[in-house]
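S.K.: Dropping in my_file_0.cif, which is mmCIF, C-alpha atoms:
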```cif
data_work
loop_
_atom_site.label_atom_id
_atom_site.label_comp_id
_atom_site.auth_asym_id
_atom_site.auth_seq_id
_atom_site.Cartn_x
_atom_site.Cartn_y
_atom_site.Cartn_z
CA MET A 1 -155.17 -151.69 42.27
CA TYR A 2 -152.00 -149.75 42.89
CA PRO A 3 -148.77 -151.58 43.61
CA ASP A 4 -147.54 -151.34 47.16
CA PRO A 5 -144.22 -149.41 47.12
CA LEU A 6 -143.07 -151.07 50.35
CA GLN A 7 -143.70 -154.56 49.04
CA ASN A 8 -141.11 -154.25 46.26
CA ARG A 9 -138.52 -152.21 48.07
CA HIS A 10 -135.87 -154.92 47.81
CA SER A 11 -136.52 -155.76 44.19
CA SER A 12 -134.10 -155.05 41.41
CA ASN A 13 -136.33 -152.21 40.14
CA ASN A 14 -134.88 -149.88 42.73
CA TYR A 15 -131.96 -147.68 41.73
CA GLU A 16 -128.92 -149.46 43.02
CA ASN A 17 -126.48 -147.79 40.68
CA VAL A 18 -126.04 -144.04 41.05
CA SER A 19 -125.74 -143.62 37.29
CA GLU A 20 -129.29 -144.96 36.86
CA THR A 21 -130.92 -142.22 38.91
CA PRO A 22 -133.47 -140.18 36.98
CA TYR A 23 -131.81 -136.91 37.97
CA PRO A 24 -128.86 -135.64 35.95
CA PRO A 25 -125.77 -134.61 37.89
CA PRO A 26 -125.61 -130.90 38.72
CA PRO A 27 -123.50 -128.78 36.34
CA TYR A 28 -120.78 -127.87 38.84
CA PRO A 29 -117.35 -126.80 37.62
CA PRO A 30 -114.51 -129.24 38.22
CA PRO A 31 -112.55 -128.81 41.46
CA PRO A 32 -109.52 -126.50 41.38
CA PRO A 33 -106.09 -127.99 40.71
CA PRO A 34 -103.89 -128.95 43.68
CA PRO A 35 -101.60 -126.27 45.11
CA ALA A 36 -98.45 -125.51 43.14
CA TYR A 37 -96.39 -125.89 46.31
CA PRO A 38 -97.32 -129.43 47.46
CA ASN A 39 -96.51 -129.12 51.16
CA SER A 40 -98.27 -125.84 51.78
CA HIS A 41 -101.71 -124.99 53.09
CA PHE A 42 -102.14 -122.26 50.49
CA SER A 43 -105.01 -122.10 48.08
CA THR A 44 -104.53 -121.66 44.36
CA THR A 45 -107.79 -119.88 43.78
CA ILE A 46 -108.97 -116.33 44.10
CA GLY A 47 -112.53 -116.46 45.22
CA ARG A 48 -114.05 -119.09 42.95
CA ARG A 49 -111.86 -118.76 39.87
CA ALA A 50 -108.55 -120.54 39.48
CA MET A 51 -105.47 -118.38 39.20
CA PRO A 52 -103.42 -118.66 36.03
CA PRO A 53 -100.16 -120.47 36.75
CA GLY A 54 -97.13 -118.24 37.02
CA LYS A 55 -99.04 -114.94 37.02
CA TRP A 56 -99.29 -112.42 39.84
CA SER A 57 -102.89 -111.53 40.70
CA THR A 58 -102.08 -107.79 40.50
CA GLY A 59 -99.37 -105.71 38.92
CA LEU A 60 -96.39 -104.17 40.68
CA CYS A 61 -97.71 -100.62 40.34
CA HIS A 62 -101.32 -101.34 41.32
CA CYS A 63 -100.80 -100.02 44.83
CA CYS A 64 -104.05 -98.04 44.76
CA ASP A 65 -106.02 -101.31 44.54
CA ASP A 66 -105.68 -101.37 48.33
CA PRO A 67 -105.24 -97.72 49.42
CA ALA A 68 -105.16 -98.49 53.15
CA ASN A 69 -102.28 -100.92 52.74
CA CYS A 70 -100.52 -98.51 50.40
CA LEU A 71 -100.65 -95.78 53.05
CA ILE A 72 -99.47 -98.10 55.85
CA THR A 73 -96.64 -99.45 53.70
CA SER A 74 -95.54 -95.94 52.72
CA CYS A 75 -95.44 -94.77 56.35
CA CYS A 76 -94.22 -97.92 58.08
CA PRO A 77 -93.16 -100.74 55.72
CA CYS A 78 -92.09 -102.92 58.66
CA ILE A 79 -95.79 -103.59 59.46
CA THR A 80 -96.60 -104.85 55.97
CA PHE A 81 -93.37 -106.82 55.78
CA GLY A 82 -94.06 -108.48 59.14
CA GLN A 83 -97.52 -109.57 57.98
CA ILE A 84 -96.13 -110.97 54.73
CA ALA A 85 -93.26 -112.77 56.47
CA GLU A 86 -95.54 -114.46 59.02
CA ILE A 87 -97.76 -115.92 56.28
CA VAL A 88 -94.87 -116.89 53.99
CA ASN A 89 -93.04 -118.55 56.92
CA GLN A 90 -96.27 -120.38 57.81
CA GLY A 91 -96.18 -119.01 61.35
CA SER A 92 -92.63 -120.05 62.22
CA SER A 93 -91.77 -116.41 62.90
CA SER A 94 -94.20 -113.83 64.22
CA CYS A 95 -95.23 -110.64 62.51
CA ALA A 96 -93.62 -108.59 65.29
CA THR A 97 -90.27 -110.38 65.09
CA SER A 98 -90.00 -110.14 61.30
CA GLY A 99 -91.17 -106.53 61.33
CA ALA A 100 -88.64 -105.61 64.04
CA ILE A 101 -85.75 -107.18 62.12
CA TYR A 102 -86.86 -105.31 59.00
CA GLY A 103 -87.12 -102.05 60.95
CA VAL A 104 -83.64 -102.43 62.47
CA LEU A 105 -82.13 -103.16 59.05
CA LEU A 106 -83.95 -100.17 57.58
CA ALA A 107 -82.87 -97.81 60.36
CA PHE A 108 -79.21 -98.80 60.62
CA THR A 109 -78.22 -99.98 57.15
CA GLY A 110 -80.95 -98.82 54.79
CA LEU A 111 -80.66 -102.20 53.09
CA SER A 112 -83.81 -103.86 54.35
CA CYS A 113 -84.62 -104.57 50.70
CA LEU A 114 -82.04 -107.37 50.74
CA TYR A 115 -83.95 -109.04 53.58
CA SER A 116 -87.39 -108.53 52.00
CA CYS A 117 -86.35 -109.76 48.54
CA PHE A 118 -85.65 -113.15 50.13
CA TYR A 119 -89.32 -113.34 51.14
CA ARG A 120 -90.47 -112.34 47.66
CA SER A 121 -88.43 -115.25 46.27
CA LYS A 122 -89.92 -117.58 48.86
CA LEU A 123 -93.47 -116.39 48.04
CA ARG A 124 -92.84 -116.91 44.33
CA GLY A 125 -91.60 -120.43 45.03
CA GLN A 126 -94.69 -121.32 47.04
CA TYR A 127 -97.08 -120.19 44.31
CA ASP A 128 -94.88 -120.80 41.26
CA LEU A 129 -95.04 -117.12 40.29
CA GLU A 130 -92.94 -115.55 37.58
CA GLU A 131 -89.97 -113.37 38.45
CA ALA A 132 -91.47 -110.21 36.98
CA PRO A 133 -90.96 -107.44 36.00
CA CYS A 134 -87.31 -108.19 36.83
CA VAL A 135 -85.26 -110.10 39.41
CA ASP A 136 -86.53 -109.97 43.01
CA CYS A 137 -83.63 -108.01 44.51
CA LEU A 138 -83.89 -105.34 41.82
CA VAL A 139 -87.67 -105.04 42.34
CA HIS A 140 -87.17 -104.52 46.07
CA PHE A 141 -84.16 -102.23 45.66
CA CYS A 142 -85.85 -99.92 43.13
CA CYS A 143 -89.40 -99.97 44.44
CA GLU A 144 -89.61 -101.47 47.91
CA THR A 145 -93.04 -100.02 48.72
CA CYS A 146 -94.64 -101.27 45.49
CA ALA A 147 -93.08 -104.72 45.94
CA LEU A 148 -94.36 -105.07 49.50
CA CYS A 149 -97.83 -103.88 48.47
CA GLN A 150 -97.93 -106.39 45.60
CA GLU A 151 -96.91 -109.27 47.88
CA TYR A 152 -99.49 -108.21 50.46
CA ARG A 153 -102.23 -108.09 47.80
CA GLU A 154 -101.16 -111.46 46.41
CA LEU A 155 -101.56 -113.17 49.77
CA LYS A 156 -104.81 -111.32 50.43
CA ASN A 157 -106.18 -112.35 47.03
CA ARG A 158 -105.29 -115.95 47.80
CA GLY A 159 -107.65 -115.91 50.76
CA PHE A 160 -105.51 -114.79 53.70
CA ASP A 161 -106.76 -112.19 56.15
CA MET A 162 -103.47 -110.39 56.62
CA GLY A 163 -104.47 -108.69 59.85
CA ILE A 164 -105.00 -111.87 61.88
CA GLY A 165 -101.80 -113.81 61.24
CA TRP A 166 -101.01 -117.40 60.30
CA GLU A 167 -102.59 -119.27 63.23
CA ALA A 168 -105.94 -117.48 63.00
CA ASN A 169 -106.02 -118.02 59.23
CA MET A 170 -105.45 -121.75 59.73
CA ASP A 171 -108.13 -121.88 62.45
CA ARG A 172 -110.54 -120.10 60.12
CA GLN A 173 -109.71 -122.53 57.32
CA LYS A 174 -110.23 -125.55 59.60
CA ARG A 175 -113.56 -124.20 60.83
CA GLY A 176 -114.71 -123.78 57.27
CA VAL A 177 -113.92 -127.41 56.51
CA THR A 178 -114.96 -129.22 59.68
CA ILE A 179 -118.04 -127.39 60.88
CA ALA A 180 -121.21 -128.82 59.40
CA PRO A 181 -124.21 -126.57 58.85
CA ILE A 182 -127.02 -126.76 61.37
CA MET A 183 -129.86 -128.76 59.90
CA VAL A 184 -133.36 -127.81 60.98
CA SER A 185 -135.70 -130.77 60.91
CA PRO A 186 -139.14 -130.27 59.43
CA MET A 187 -142.04 -130.05 61.82
CA THR A 188 -143.82 -133.34 62.35
CA ARG A 189 -147.01 -134.11 64.08
#
```
Could you write out this structure as structure tokens?
M.R.:
Amino acid sequence: MYPDPLQNRHSSNNYENVSETPYPPPPYPPPPPPPAYPNSHFSTTIGRRAMPPGKWSTGLCHCCDDPANCLITSCCPCITFGQIAEIVNQGSSSCATSGAIYGVLLAFTGLSCLYSCFYRSKLRGQYDLEEAPCVDCLVHFCCETCALCQEYRELKNRGFDMGIGWEANMDRQKRGVTIAPIMVSPMTR
């Protein structure tokens, strides 16, 4: 009476072409665009939304968006600078080394802003960010604390955990890509 489903399993009635399946494709958004800096491991998204090209994720004077970082940067900018430099350098120099160089320049010359503006330029190049509100050296010379806080927030908004450094961020990113979820098989009898 009823056709045997196993008897016709190799017939042409089966769905051989994916486009013929009775289920419509899920309405997922398209994947994000490739990174603006082709050789980097950086993401171009904040959370799930794509970042507008050329725009900073926060303004220069939005320091209170992250009050803890604002306080740390106000008291000891070498800590924040070291964290930024390690991520921007992709781990080629440690947080401690970059922070120490910054601290020595700050203590003996007071011109650590010349060193930190180089990293702002490098960060802008990696993410194709605009040079706003003015040139990098002037931003760092006039408002060093605000500039460091903005750079810190930018990297944080792009998915970096600033407290763990470059290597741990890359390990975390690899784990997120390579570890498959544990599948629990249904109970059978």
S.K.: Quick check on the file I pasted: which residues fall under the PyMOL selection byres ((chain A and resi 112) around 10)? Write them as a PyMOL selection string.
M.R.: chain A and resi 77-78+101-111+113-117+140-141+144
S.K.: In Å, rounded to a single decimal, give me how far CA of Gly176 (chain A) is from CA of Arg120 (chain A).
M.R.: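 Here the two named atoms are 28.5 Å from each other.
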S.K.: One decimal, in Å: what's the spacing between CA of Phe118 (chain A) and CA of Gly165 (chain A)?
M.R.: 19.6 Å
S.K.: Report the distance between CA of Gly99 (chain A) and CA of Ile84 (chain A) in Å, rounded to one decimal place.
M.R.: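 Taking CA of Gly99 (chain A) and CA of Ile84 (chain A), their separation equals 9.4 Å.
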S.K.: Excluding Arg172 (chain A) and any residue of its chain fewer than 6 positions from it, enumerate the residues within 10 Å of it, using all atoms listed in the file, and give them as a list in words.
M.R.: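 Once the nearby chain positions are removed, what remains is Phe160, Asp161 and Trp166 of chain A.
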S.K.: Just the selected residues (C-alpha atoms), exported as a CSV table (one decimal), keeping the file's coordinate frame, please.
M.R.:
```csv
chain,number,residue,atom,x,y,z
A,160,PHE,CA,-105.5,-114.8,53.7
A,161,ASP,CA,-106.8,-112.2,56.2
A,166,TRP,CA,-101.0,-117.4,60.3
```
S.K.: Which of these, A:Cys137, A:Ser98, A:Cys70, A:Trp56, has the shortest distance to Cys149 (chain A) once you count all atoms listed in the file?
M.R.: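 Using all atoms listed in the file, the shortest distance to Cys149 (chain A) belongs to A:Cys70.
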S.K.: Using all atoms listed in the file, which residues sit within 10 Å of Asn169 (chain A) once same-chain residues fewer than 5 positions away are excluded, as a PyMOL selection string?
M.R.: chain A and resi 87+159-164+174-175
S.K.: Deliver the residues from the most recent selection as a file, using C-alpha atoms, as a PDB file, in the coordinates of the input.
M.R.:
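Result file is selection17.pdb:
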```pdb
ATOM      1  CA  ILE A  87     -97.760-115.920  56.280  1.00  0.00           C
ATOM      2  CA  GLY A 159    -107.650-115.910  50.760  1.00  0.00           C
ATOM      3  CA  PHE A 160    -105.510-114.790  53.700  1.00  0.00           C
ATOM      4  CA  ASP A 161    -106.760-112.190  56.150  1.00  0.00           C
ATOM      5  CA  MET A 162    -103.470-110.390  56.620  1.00  0.00           C
ATOM      6  CA  GLY A 163    -104.470-108.690  59.850  1.00  0.00           C
ATOM      7  CA  ILE A 164    -105.000-111.870  61.880  1.00  0.00           C
ATOM      8  CA  LYS A 174    -110.230-125.550  59.600  1.00  0.00           C
ATOM      9  CA  ARG A 175    -113.560-124.200  60.830  1.00  0.00           C
TER      10      ARG A 175
END
```
